[in-house]
file start-v2.cif (mmCIF, C-alpha atoms)
data_protein
#
loop_
_atom_site.group_PDB
_atom_site.id
_atom_site.type_symbol
_atom_site.label_atom_id
_atom_site.label_comp_id
_atom_site.auth_asym_id
_atom_site.auth_seq_id
_atom_site.Cartn_x
_atom_site.Cartn_y
_atom_site.Cartn_z
ATOM 1 C CA MET W 15 58.492 70.103 308.490
ATOM 2 C CA SER W 16 57.457 67.631 305.806
ATOM 3 C CA THR W 17 60.170 65.543 304.229
ATOM 4 C CA VAL W 18 60.695 64.024 300.819
ATOM 5 C CA ASN W 19 60.726 60.232 300.753
ATOM 6 C CA THR W 20 62.765 59.235 297.717
ATOM 7 C CA THR W 21 64.478 56.117 299.001
ATOM 8 C CA THR W 22 62.161 53.400 297.692
ATOM 9 C CA ARG W 23 63.939 50.678 295.723
ATOM 10 C CA PRO W 24 62.409 47.605 294.060
ATOM 11 C CA GLN W 25 64.705 45.248 295.936
ATOM 12 C CA ASP W 26 63.847 46.858 299.290
ATOM 13 C CA ASP W 27 60.049 46.624 299.042
ATOM 14 C CA ASP W 28 58.347 43.243 298.745
ATOM 15 C CA THR W 29 55.108 44.990 297.702
ATOM 16 C CA PHE W 30 56.804 46.393 294.585
ATOM 17 C CA ARG W 31 54.850 45.428 291.492
ATOM 18 C CA ALA W 32 55.534 46.727 287.969
ATOM 19 C CA LYS W 33 59.127 46.655 286.760
ATOM 20 C CA THR W 34 58.904 49.711 284.512
ATOM 21 C CA LEU W 35 56.905 52.919 284.291
ATOM 22 C CA ARG W 36 55.233 51.741 281.095
ATOM 23 C CA GLY W 37 54.161 48.540 282.822
ATOM 24 C CA LEU W 38 52.913 50.513 285.810
ATOM 25 C CA LEU W 39 50.819 52.885 283.684
ATOM 26 C CA LEU W 40 49.345 49.943 281.782
ATOM 27 C CA ALA W 41 48.393 48.075 284.957
ATOM 28 C CA ARG W 42 46.945 51.170 286.657
ATOM 29 C CA GLU W 43 44.742 52.025 283.683
ATOM 30 C CA LEU W 44 43.438 48.489 283.308
ATOM 31 C CA ASP W 45 42.713 48.241 287.028
ATOM 32 C CA GLN W 46 40.984 51.632 287.018
ATOM 33 C CA ALA W 47 38.797 50.461 284.121
ATOM 34 C CA ARG W 48 38.003 47.257 286.036
ATOM 35 C CA ARG W 49 36.897 49.220 289.076
ATOM 36 C CA ALA W 50 34.882 51.667 286.970
ATOM 37 C CA ARG W 51 32.982 48.757 285.437
ATOM 38 C CA GLY W 52 32.325 47.247 288.861
ATOM 39 C CA PHE W 53 34.183 44.006 288.166
ATOM 40 C CA SER W 54 35.780 42.040 290.962
ATOM 41 C CA THR W 55 38.999 40.214 290.113
ATOM 42 C CA ARG W 56 37.051 36.966 290.082
ATOM 43 C CA ASP W 57 34.348 38.425 287.784
ATOM 44 C CA LEU W 58 36.952 39.661 285.336
ATOM 45 C CA ALA W 59 38.803 36.345 285.433
ATOM 46 C CA GLN W 60 35.609 34.520 284.530
ATOM 47 C CA ALA W 61 34.847 36.924 281.671
ATOM 48 C CA MET W 62 38.403 36.552 280.340
ATOM 49 C CA SER W 63 38.680 32.771 280.906
ATOM 50 C CA MET W 64 41.721 33.426 283.069
ATOM 51 C CA SER W 65 42.512 32.419 286.631
ATOM 52 C CA PRO W 66 41.874 35.043 289.368
ATOM 53 C CA ALA W 67 45.562 34.845 290.293
ATOM 54 C CA MET W 68 46.608 35.671 286.733
ATOM 55 C CA VAL W 69 44.188 38.598 286.520
ATOM 56 C CA ASN W 70 45.492 39.874 289.849
ATOM 57 C CA ARG W 71 49.044 39.767 288.517
ATOM 58 C CA VAL W 72 47.990 41.785 285.465
ATOM 59 C CA MET W 73 46.086 44.357 287.527
ATOM 60 C CA THR W 74 49.045 44.860 289.895
ATOM 61 C CA GLY W 75 51.642 45.037 287.136
ATOM 62 C CA ARG W 76 53.493 41.862 288.068
ATOM 63 C CA ARG W 77 52.570 40.336 284.700
ATOM 64 C CA VAL W 78 52.409 42.106 281.337
ATOM 65 C CA PRO W 79 49.372 40.862 279.367
ATOM 66 C CA THR W 80 49.727 39.542 275.837
ATOM 67 C CA ALA W 81 48.403 41.517 272.877
ATOM 68 C CA LEU W 82 45.465 39.098 272.680
ATOM 69 C CA GLU W 83 44.698 39.638 276.367
ATOM 70 C CA ILE W 84 44.885 43.422 275.931
ATOM 71 C CA GLY W 85 42.276 43.164 273.179
ATOM 72 C CA GLY W 86 39.982 41.078 275.365
ATOM 73 C CA LEU W 87 40.426 43.324 278.383
ATOM 74 C CA CYS W 88 39.693 46.449 276.335
ATOM 75 C CA ALA W 89 36.497 44.856 275.022
ATOM 76 C CA VAL W 90 35.282 43.504 278.375
ATOM 77 C CA LEU W 91 36.164 46.702 280.270
ATOM 78 C CA ASP W 92 34.836 49.003 277.514
ATOM 79 C CA VAL W 93 38.112 50.952 277.249
ATOM 80 C CA PRO W 94 37.560 53.982 274.957
ATOM 81 C CA ALA W 95 38.764 53.401 271.403
ATOM 82 C CA ALA W 96 41.130 56.384 271.571
ATOM 83 C CA ARG W 97 43.002 54.837 274.529
ATOM 84 C CA ARG W 98 43.423 51.339 273.106
ATOM 85 C CA PRO W 99 46.421 52.068 270.816
ATOM 86 C CA LEU W 100 48.246 53.538 273.846
ATOM 87 C CA LEU W 101 47.651 50.370 275.854
ATOM 88 C CA TYR W 102 48.888 48.177 273.001
ATOM 89 C CA GLU W 103 51.990 50.369 272.675
ATOM 90 C CA ARG W 104 52.747 50.236 276.393
ATOM 91 C CA ARG W 105 52.334 46.480 276.393
ATOM 92 C CA ALA W 106 54.736 46.134 273.463
ATOM 93 C CA THR W 107 57.327 48.420 275.098
ATOM 94 C CA ALA W 108 56.778 47.372 278.720
ATOM 95 C CA ASP W 109 60.401 46.297 279.163
ATOM 96 C CA ARG W 110 61.808 49.736 278.272
ATOM 97 C CA THR W 111 62.885 52.278 280.867
ATOM 98 C CA GLU W 112 63.071 56.062 280.548
ATOM 99 C CA TRP W 113 60.976 58.211 278.223
ATOM 100 C CA ILE W 114 61.930 61.083 275.927
ATOM 101 C CA ILE W 115 58.906 63.020 274.710
ATOM 102 C CA HIS W 116 59.838 65.429 271.933
ATOM 103 C CA PRO W 117 57.978 68.689 271.211
ATOM 104 C CA GLY W 118 54.787 68.242 269.241
ATOM 105 C CA ARG W 119 53.993 64.772 270.589
ATOM 106 C CA GLY W 120 51.689 66.128 273.307
ATOM 107 C CA ARG W 121 51.887 65.655 277.061
ATOM 108 C CA THR W 122 49.558 62.658 277.393
ATOM 109 C CA ILE W 123 52.308 60.552 278.972
ATOM 110 C CA VAL W 124 53.207 63.258 281.501
ATOM 111 C CA HIS W 125 49.543 63.678 282.408
ATOM 112 C CA ASP W 126 49.170 59.911 282.838
ATOM 113 C CA VAL W 127 52.130 59.837 285.235
ATOM 114 C CA GLU W 128 50.748 62.822 287.168
ATOM 115 C CA ALA W 129 47.421 61.012 287.489
ATOM 116 C CA ILE W 130 48.974 58.048 289.332
ATOM 117 C CA ALA W 131 51.345 60.087 291.527
ATOM 118 C CA ASP W 132 50.824 60.221 295.286
ATOM 119 C CA ALA W 133 53.051 63.291 295.733
ATOM 120 C CA ILE W 134 55.046 65.641 293.514
ATOM 121 C CA THR W 135 57.950 67.808 294.655
ATOM 122 C CA TRP W 136 59.260 70.523 292.331
ATOM 123 C CA PHE W 137 62.611 72.312 292.312
ATOM 124 C CA ALA W 138 62.482 75.508 290.235
ATOM 125 C CA SER W 139 65.701 77.422 289.655
ATOM 126 C CA ASP W 140 65.014 79.799 286.746
ATOM 127 C CA LEU W 141 61.315 80.552 286.359
ATOM 128 C CA ILE W 142 58.199 80.143 288.463
ATOM 129 C CA PRO W 143 56.588 76.802 287.502
ATOM 130 C CA GLN W 144 53.553 77.127 285.249
ATOM 131 C CA PRO W 145 50.999 75.888 287.845
ATOM 132 C CA LEU W 146 51.941 78.870 290.069
ATOM 133 C CA ARG W 147 51.979 81.596 287.401
ATOM 134 C CA THR W 148 49.638 84.469 286.798
ATOM 135 C CA ALA W 149 48.499 84.960 283.205
ATOM 136 C CA ALA W 150 50.617 88.139 282.954
ATOM 137 C CA TYR W 151 53.733 86.386 284.214
ATOM 138 C CA HIS W 152 53.167 83.524 281.760
ATOM 139 C CA ARG W 153 52.792 85.969 278.858
ATOM 140 C CA ALA W 154 56.027 87.692 279.899
ATOM 141 C CA VAL W 155 57.803 84.324 279.902
ATOM 142 C CA GLU W 156 56.452 83.531 276.427
ATOM 143 C CA GLN W 157 57.511 86.923 275.108
ATOM 144 C CA SER W 158 61.044 86.476 276.454
ATOM 145 C CA THR W 159 61.466 83.119 274.672
ATOM 146 C CA ASP W 160 60.782 81.801 271.191
ATOM 147 C CA HIS W 161 57.110 81.147 271.916
ATOM 148 C CA THR W 162 54.214 83.102 270.414
ATOM 149 C CA PRO W 163 54.149 86.578 272.005
ATOM 150 C CA GLY W 164 51.178 87.363 274.168
ATOM 151 C CA ALA W 165 50.030 83.758 274.545
ATOM 152 C CA ASP W 166 47.919 82.993 277.598
ATOM 153 C CA PRO W 167 48.645 79.841 279.600
ATOM 154 C CA PRO W 168 46.769 76.854 278.176
ATOM 155 C CA PRO W 169 43.723 75.668 280.145
ATOM 156 C CA ALA W 170 44.812 73.370 282.952
ATOM 157 C CA HIS W 171 44.443 69.708 282.074
ATOM 158 C CA GLN W 172 42.376 67.719 284.592
ATOM 159 C CA ALA W 173 45.481 65.764 285.590
ATOM 160 C CA GLU W 174 47.415 69.017 286.049
ATOM 161 C CA GLN W 175 44.736 70.362 288.381
ATOM 162 C CA ALA W 176 44.855 67.177 290.438
ATOM 163 C CA ALA W 177 48.665 67.252 290.384
ATOM 164 C CA LEU W 178 48.704 70.761 291.841
ATOM 165 C CA ARG W 179 46.783 69.552 294.902
ATOM 166 C CA ILE W 180 49.519 67.018 295.729
ATOM 167 C CA SER W 181 52.468 69.248 294.775
ATOM 168 C CA ARG W 182 55.075 71.060 296.822
ATOM 169 C CA PHE W 183 57.399 73.655 295.288
ATOM 170 C CA LEU W 184 60.953 74.471 296.369
ATOM 171 C CA LEU W 185 61.794 77.790 294.708
ATOM 172 C CA HIS W 186 65.248 79.257 294.194
ATOM 173 C CA PRO W 187 64.980 82.994 295.019
ATOM 174 C CA ARG W 188 66.167 83.956 291.556
ATOM 175 C CA VAL W 189 62.842 82.742 290.075
ATOM 176 C CA LEU W 190 61.298 85.823 291.674
ATOM 177 C CA ARG W 191 63.530 88.218 289.732
ATOM 178 C CA HIS W 192 63.771 88.513 285.969
ATOM 179 C CA PRO W 193 64.950 91.516 283.931
ATOM 180 C CA ALA W 194 62.257 90.934 281.298
ATOM 181 C CA PHE W 195 59.385 91.403 283.765
ATOM 182 C CA THR W 196 57.914 94.771 284.702
ATOM 183 C CA GLY W 197 57.298 95.790 288.295
ATOM 184 C CA GLU W 198 53.538 95.336 287.875
ATOM 185 C CA VAL W 199 53.955 91.766 286.588
ATOM 186 C CA LEU W 200 56.198 90.899 289.524
ATOM 187 C CA ARG W 201 53.891 92.535 292.064
ATOM 188 C CA ASP W 202 50.877 90.621 290.779
ATOM 189 C CA GLN W 203 52.862 87.378 290.746
ATOM 190 C CA LEU W 204 54.099 87.878 294.309
ATOM 191 C CA HIS W 205 50.558 88.622 295.478
ATOM 192 C CA HIS W 206 49.387 85.454 293.728
ATOM 193 C CA LEU W 207 52.021 83.345 295.487
ATOM 194 C CA LEU W 208 51.130 84.847 298.868
ATOM 195 C CA ASP W 209 47.358 84.725 298.514
ATOM 196 C CA VAL W 210 46.875 81.434 296.655
ATOM 197 C CA HIS W 211 49.924 79.187 296.858
ATOM 198 C CA LEU W 212 51.770 79.964 300.105
ATOM 199 C CA PRO W 213 50.940 76.606 301.814
ATOM 200 C CA ARG W 214 52.590 74.654 298.997
ATOM 201 C CA ILE W 215 55.740 76.730 298.396
ATOM 202 C CA ARG W 216 59.016 77.215 300.259
ATOM 203 C CA LEU W 217 61.856 79.467 299.229
ATOM 204 C CA LEU W 218 65.445 78.268 299.244
ATOM 205 C CA PRO W 219 68.500 80.161 300.515
ATOM 206 C CA GLY W 220 70.257 82.318 297.936
ATOM 207 C CA SER W 221 73.350 80.140 298.300
ATOM 208 C CA THR W 222 71.513 77.128 296.829
ATOM 209 C CA ALA W 223 73.257 75.670 293.778
ATOM 210 C CA ALA W 224 71.769 76.749 290.463
ATOM 211 C CA HIS W 225 70.999 73.177 289.428
ATOM 212 C CA PRO W 226 68.591 72.902 286.445
ATOM 213 C CA GLY W 227 65.001 72.521 287.589
ATOM 214 C CA PHE W 228 63.237 69.184 287.857
ATOM 215 C CA ARG W 229 60.531 67.444 289.852
ATOM 216 C CA VAL W 230 60.200 64.085 291.574
ATOM 217 C CA LEU W 231 56.932 62.152 291.378
ATOM 218 C CA THR W 232 56.314 59.569 294.095
ATOM 219 C CA VAL W 233 54.140 56.566 293.244
ATOM 220 C CA GLY W 234 53.352 53.785 295.701
ATOM 221 C CA HIS W 235 55.427 50.600 295.305
ATOM 222 C CA PHE W 236 57.620 52.148 292.605
ATOM 223 C CA PRO W 237 60.970 53.969 292.604
ATOM 224 C CA PRO W 238 60.869 57.779 292.443
ATOM 225 C CA ILE W 239 60.275 59.182 288.957
ATOM 226 C CA VAL W 240 62.249 62.259 287.869
ATOM 227 C CA HIS W 241 60.673 64.594 285.315
ATOM 228 C CA ILE W 242 62.869 67.134 283.521
ATOM 229 C CA GLU W 243 61.491 69.578 280.956
ATOM 230 C CA GLN W 244 63.854 71.465 278.656
ATOM 231 C CA LEU W 245 62.793 73.523 275.631
ATOM 232 C CA GLY W 246 59.559 71.610 275.254
ATOM 233 C CA THR W 247 61.156 68.159 275.519
ATOM 234 C CA ASP W 248 60.087 66.021 278.481
ATOM 235 C CA LEU W 249 62.423 63.441 279.997
ATOM 236 C CA LEU W 250 61.103 60.844 282.453
ATOM 237 C CA LEU W 251 63.733 58.914 284.420
ATOM 238 C CA GLU W 252 62.795 55.839 286.460
ATOM 239 C CA ASN W 253 65.950 53.787 286.949
ATOM 240 C CA PRO W 254 67.438 54.443 290.421
ATOM 241 C CA THR W 255 70.902 54.658 288.871
ATOM 242 C CA ALA W 256 69.659 57.729 286.974
ATOM 243 C CA THR W 257 67.445 59.253 289.681
ATOM 244 C CA THR W 258 69.475 58.807 292.887
ATOM 245 C CA ARG W 259 71.488 62.018 292.452
ATOM 246 C CA HIS W 260 68.316 64.059 291.855
ATOM 247 C CA ALA W 261 66.611 62.428 294.859
ATOM 248 C CA GLU W 262 69.551 63.140 297.156
ATOM 249 C CA PHE W 263 69.766 66.757 295.970
ATOM 250 C CA LEU W 264 66.038 67.174 296.604
ATOM 251 C CA ARG W 265 66.374 65.832 300.157
ATOM 252 C CA HIS W 266 69.143 68.369 300.763
ATOM 253 C CA LEU W 267 66.944 71.185 299.431
ATOM 254 C CA ASP W 268 64.033 70.121 301.599
ATOM 255 C CA ALA W 269 66.249 70.200 304.679
ATOM 256 C CA THR W 270 67.624 73.671 303.950
ATOM 257 C CA ALA W 271 64.467 75.409 302.652
ATOM 258 C CA LEU W 272 62.956 78.303 304.564
ATOM 259 C CA THR W 273 59.956 77.633 306.767
ATOM 260 C CA THR W 274 56.528 78.712 305.554
ATOM 261 C CA PRO W 275 56.517 81.820 307.836
ATOM 262 C CA ALA W 276 60.004 82.760 306.624
ATOM 263 C CA THR W 277 58.915 82.247 303.019
ATOM 264 C CA ARG W 278 55.897 84.486 303.619
ATOM 265 C CA ASP W 279 58.046 87.216 305.176
ATOM 266 C CA THR W 280 60.537 87.088 302.299
ATOM 267 C CA LEU W 281 57.777 87.360 299.720
ATOM 268 C CA ARG W 282 56.276 90.330 301.577
ATOM 269 C CA HIS W 283 59.677 92.031 301.640
ATOM 270 C CA LEU W 284 60.128 91.459 297.913
ATOM 271 C CA LEU W 285 56.639 92.830 297.317
ATOM 272 C CA THR W 286 57.553 96.006 299.196
ATOM 273 C CA THR W 287 60.716 96.302 297.120
ATOM 274 C CA ALA W 288 58.760 95.749 293.901
ATOM 275 C CA ARG W 289 56.400 98.590 294.847
ATOM 276 C CA GLY W 290 59.390 100.836 295.026
#
call {"tool": "encode", "arguments": {"input": "start-v2.cif", "output": "structure tokens"}}
result
Amino acid sequence: MSTVNTTTRPQDDDTFRAKTLRGLLLARELDQARRARGFSTRDLAQAMSMSPAMVNRVMTGRRVPTALEIGGLCAVLDVPAARRPLLYERRATADRTEWIIHPGRGRTIVHDVEAIADAITWFASDLIPQPLRTAAYHRAVEQSTDHTPGADPPPAHQAEQAALRISRFLLHPRVLRHPAFTGEVLRDQLHHLLDVHLPRIRLLPGSTAAHPGFRVLTVGHFPPIVHIEQLGTDLLLENPTATTRHAEFLRHLDATALTTPATRDTLRHLLTTARG
């Protein structure tokens, strides 16, 4: 049985680099651009008139570059013009922790965090997470809320597709039952879970607490990141004082979840019931 490692702390890991999520995203994007351009640290240092040690500190997140350095790095590394304002913003706010992303501001930040994650573990307590839904199930969800009736799920963002490959889902059994969904919608959704997503899902016992859903994103050399989505607003938590309770709850869920064979058998039983 795989386990969830959510115990990393900055003070416990001498390879820890960036102090905040904004600083981490900034460093990762700059380093990715450096690699894409084929620059070694020494090459980039020479082009920037900086020491290799200083460039290394910027690329690993241990040092936040100045606004002038961001401009030079964007020019030397040919960072797309559309991304440059984001890098300037993250440099200017690199000392801030936590992120609240209100509806209408897009999910660029969430996608950027997904893109640097090594593993993602979901806990769903009310509805099946969007990456696991059929189109019919998604439309039923939209129709039962304030969203536009009949809307199909949006095309998966490239980062979302990559995130699915590194995701595990712990599902409360009540996500498989909803009074607004017809038997056909549920049958198709259960088939989809069995045929496509079984290796990445595990059901939880019915006695599991009905805690609001969330997910934990694990990134190397950084504390666990908790992502909570409520009514279109995304909240990203990174400070261990705010994430420890979620991490401990997730470890408990992982220890009590059904095995994959037991999850498969339960889904098959529910499918038989849905046929009735």
call {"tool": "atom_distance", "arguments": {"input": "start-v2.cif", "atom1": "atom CA of Ile142 of chain W", "atom2": "atom CA of Leu185 of chain W"}}
result
7.6 Å
call {"tool": "resolve_selection", "arguments": {"input": "start-v2.cif", "expression": "the PyMOL selection byres ((chain W and resi 64-75) around 6)", "output": "list in words"}}
result
Arg31, Ala32, Leu38, Ala41, Asp45, Thr55, Arg56, Ala59, Met62, Ser63, Arg76 and Arg77 of chain W
call {"tool": "resolve_selection", "arguments": {"input": "start-v2.cif", "expression": "the PyMOL selection byres ((chain W and resi 239-245) around 9)", "output": "list in words"}}
result
Leu35, Pro117, Val124, Val127, Pro226, Gly227, Phe228, Arg229, Val230, Leu231, Thr232, Val233, Phe236, Pro237, Pro238, Gly246, Thr247, Asp248, Leu249, Leu250, Leu251, Glu252, Asn253, Pro254, Ala256, Thr257, His260 and Ala261 of chain W
call {"tool": "axis_aligned_box", "arguments": {"input": "start-v2.cif", "around": "segment 85-100 of chain W", "padding_each_side": "4 Å", "output": "JSON"}}
result
{"center_x": 41.5, "center_y": 48.7, "center_z": 275.5, "size_x": 21.4, "size_y": 23.3, "size_z": 17.5}
call {"tool": "resolve_selection", "arguments": {"input": "start-v2.cif", "expression": "the PyMOL selection byres ((chain W and resi 278) around 12)", "output": "number ranges by chain"}}
result
W: 204-217, 272-277, 279-285
call {"tool": "closest_residue", "arguments": {"input": "start-v2.cif", "among": "W:Ser139, W:Ser54, W:Gln175, W:Thr196", "to": "Leu218 of chain W", "atoms": "only C-alpha atoms"}}
result
W:Ser139
